[in-house]
Every structure is written in C-alpha cells, then in structure tokens.
Amino acid sequence: APSPGVVFQRPTLTSVSPAQVLVGARGVSVNLTGTSLGRTTADFDSAFVGGVRCPSLRVVVARRVVACEGLDAPLAWPSERTVNVTVLGQTAGASGLFLGVSAPSVQAVSVAQLSDLSPRRWGSRLTGSALGSSAADVQSVTMDGQPVAAWSITPGSAGLSMDVELDGSAVEGGTIVVTNRWGVSSAPSPGVVFQRPTLTSVSPAQVLVGARGVSVNLTGTSLGRTTADFDSAFVGGVRCPSLRVVVARRVVACEGLDAPLAWPSERTVNVTVLGQTAGASGLFLGVSAPSVQAVSVAQLSDLSPRRWGSRLTGSALGSSAADVQSVTMDGQPVAAWSITPGSAGLSMDVELDGSAVEGGTIVVTNRWGVSSAPSPGVV
C-alpha cells in the first residue's frame, strides 16, 4: 500500500554576517548560517538578502553556511530586514537578522508654519523614507548646511516622516538634508516654503488725525503666535509702537498709536512675521488733516458776476464733494467751491464774494470734522 506522505527537511536561518550593509556598497559577500542548507551550490534555487537576489552563491560549510557573493547594496532595500533561501523548493525566511541600511530620502516638505513649540521658529514636516524610527537612528538634520533648530521623529511613522523646527532667520527655498547614524545622507529636499500671513480686516477701520494712544486690531491668518514672532506692523504707514497678540495667529493689536497730521500711506496696513510680509490696501482709512499750502491770486470769476475765483493747493483736500464738510474764509462760508477733477485731493477751486477782504484766510474742513490750518492770505 502507499507509504505515508514524504516530508522534506526544511532549511532554517539563524544568523547573517555581516548583519549590516551600507547603501552604495558594491560586491559585498554576506554569509548566511543555518541548518539543512545546500550541500552544493546546485542545491540552491535562490537566496535573497534584504529583498535583493544574490548574484552568486558559494557553499562555505555544507548544509550550514552559504555565502551570498557580489551583492550590490541598493539605495533602498526592497525588504530591508529580511533574508531567505530556497533549497530544492523548500524556503527558509527570517526577519531581523539583517539590517540593510537605506539612504534617507526626503521627498516632500510641508509648508512651514509658525511653530507651536517655540517663538520665532517655523515648524515643518518632512516625508520620505528611511528617516529613522527613533532619535538614535539620526546623526544630523541640516538646512543649507547648518543644523536645524530642532527635529524629532514622528511617533509611529516607521521612518516615513520627521518634524523639524527652523530658525526665524531661515531663508525660503533652502533645502534640508538628513544624515542617519551610519553617516549616510539624503539628497537635498525640495526647497522650503514659508506660510505667508494675510490681513482681512482692521478695527477700527478709521482713526482721526490727532488721536493719541489708539489701539487698532489687525485680523488675518498666519499672524504671530506670540508677540516675538512679529518683526513689525504698520497702520497707515505708521509703525506700531507696541504689539499684543489677542488671538494666536488670528488677531494682533497695534497699541499706543498716535495719529499723525498726515498718514504716510493713508489706506494701507501691513505686518511682517518672521520675514514674511502681508499688506492690504483699503482696509484702513487714516483720516489726515486737510492742508492748504498755497492760494492762487484771485481773478474775476468766469462763472459768476461780482465774484473772485481762486485755486487752493495742498493735501487731503478731498477726492470728491462728499469728502468736504465746509470751506470758509475768515469764518464765513465761501460763495462756492469744487474739487478739481483728478486732483486726488491736492487742489480745490473756490469762489469768493466780491465783498471778500484781501488778506483773509481760508479753512477747509473734511467730512470727519477735521479742519486745515488757515491758508496763506488771499491776494
């Protein structure tokens, strides 16, 4: 009758020497030790080290030791920690006996955001491969050749990601290199990009000339987490004397602002956070005082009998009639006035009654009730 089924002796693997092969090594010989391995080279169907097929096999001790010869270490081992052999169709595999050291690879760098951990630092996440499973796996992390401020292995990432902190002085476009504990370095990463702040609103949106110690809230995105994150902030072209974070990354207060007679950049606000600037026009209206710097020699009016016509030149005289509350000469309303078309607030035409007295001065008051100083005397 037929016998019981035949059972073949399965090989086993117990050790690998050397147990570590660095990336880029060429023509390496690795000894695999175990039991029931081939008696001759012909007994082996195949052998793999770190997922790489052995180019050549040589029996060192029959059934006990076989050498995998001519092995070229790849940049990344297909199956980094495994070895296996097949002898006459019987396979032995083992994990953990071999450490094929792959080169770290940084394939992507997240947009750097303000750090949650430290003031005046950027935080970013690197993703790639062979970045280390613990801090002990990493020798250094540099940006443009200089050590980054801090780095840490992302828990549970299995070497696929790493968190880094960059100094506020870091330059956008710089590249990061990770070097593992065996001295093998990654190629430079893609260039680092910093998150830019934005400004969406200003409150109050209007500050009258002469106001003292005003507080203006600037709202936006990616603003400073702490006051130290801000390089500067300007409202209407005036530098904020003091800044205070109201809501981290969202709202900052410009405090102690004294409104000048004329705002250097009347409708603009901007902030700079760790070298990244956000500017916005139209969110803020800093109301400047009108100024009448010159009055042309009054001529007989082309429009009306018994009136004088003159042109005022200066600044903040209004871009439309709606910008002006009143125009007076010696405290009395002038006969008529009009904004010079296209003058952008730099000039205004007035008509004076024939009874006007030479040497009288003109005052322009804007719609917010802010008045100019008296003009030079009318001639």
# chains A, B, ... in the order shown; residues from 1 in each chain; ligands from 1
call {"tool": "select_by_dssp", "arguments": {"residues": "region 51-222 of chain A", "states": "strand (DSSP E or B)", "output": "PyMOL selection string"}}
result
chain A and resi 52-53+56-61+65-71+82-87+90-95+99-101+105-109+112-114+121-129+138-143+146-147+150-153+161-167+176-180+185+194+198-203+206-208+214-221
call {"tool": "residues_around", "arguments": {"residues": "Ala344 (chain A)", "least_positions_apart": "5", "cutoff": "9 Å", "atoms": "only C-alpha atoms", "output": "list in words"}}
result
Ser315, Ala316, Leu317, Gly318, Ser319 and Ser320 of chain A
call {"tool": "atom_distance", "arguments": {"atom1": "CA of Ala187 (chain A)", "atom2": "CA of Gly27 (chain A)"}}
result
23.4 Å
call {"tool": "residues_around", "arguments": {"residues": "Ser281 (chain A)", "least_positions_apart": "3", "cutoff": "10 Å", "atoms": "only C-alpha atoms", "output": "ChimeraX atom specification"}}
result
/A:199,236,265-270,284-285
call {"tool": "residues_around", "arguments": {"residues": "region 162-175 of chain A", "least_positions_apart": "4", "cutoff": "7 Å", "atoms": "only C-alpha atoms", "output": "VMD selection string"}}
result
chain A and resid 120 to 127 131 143 to 144 148 to 154 188 to 194 274
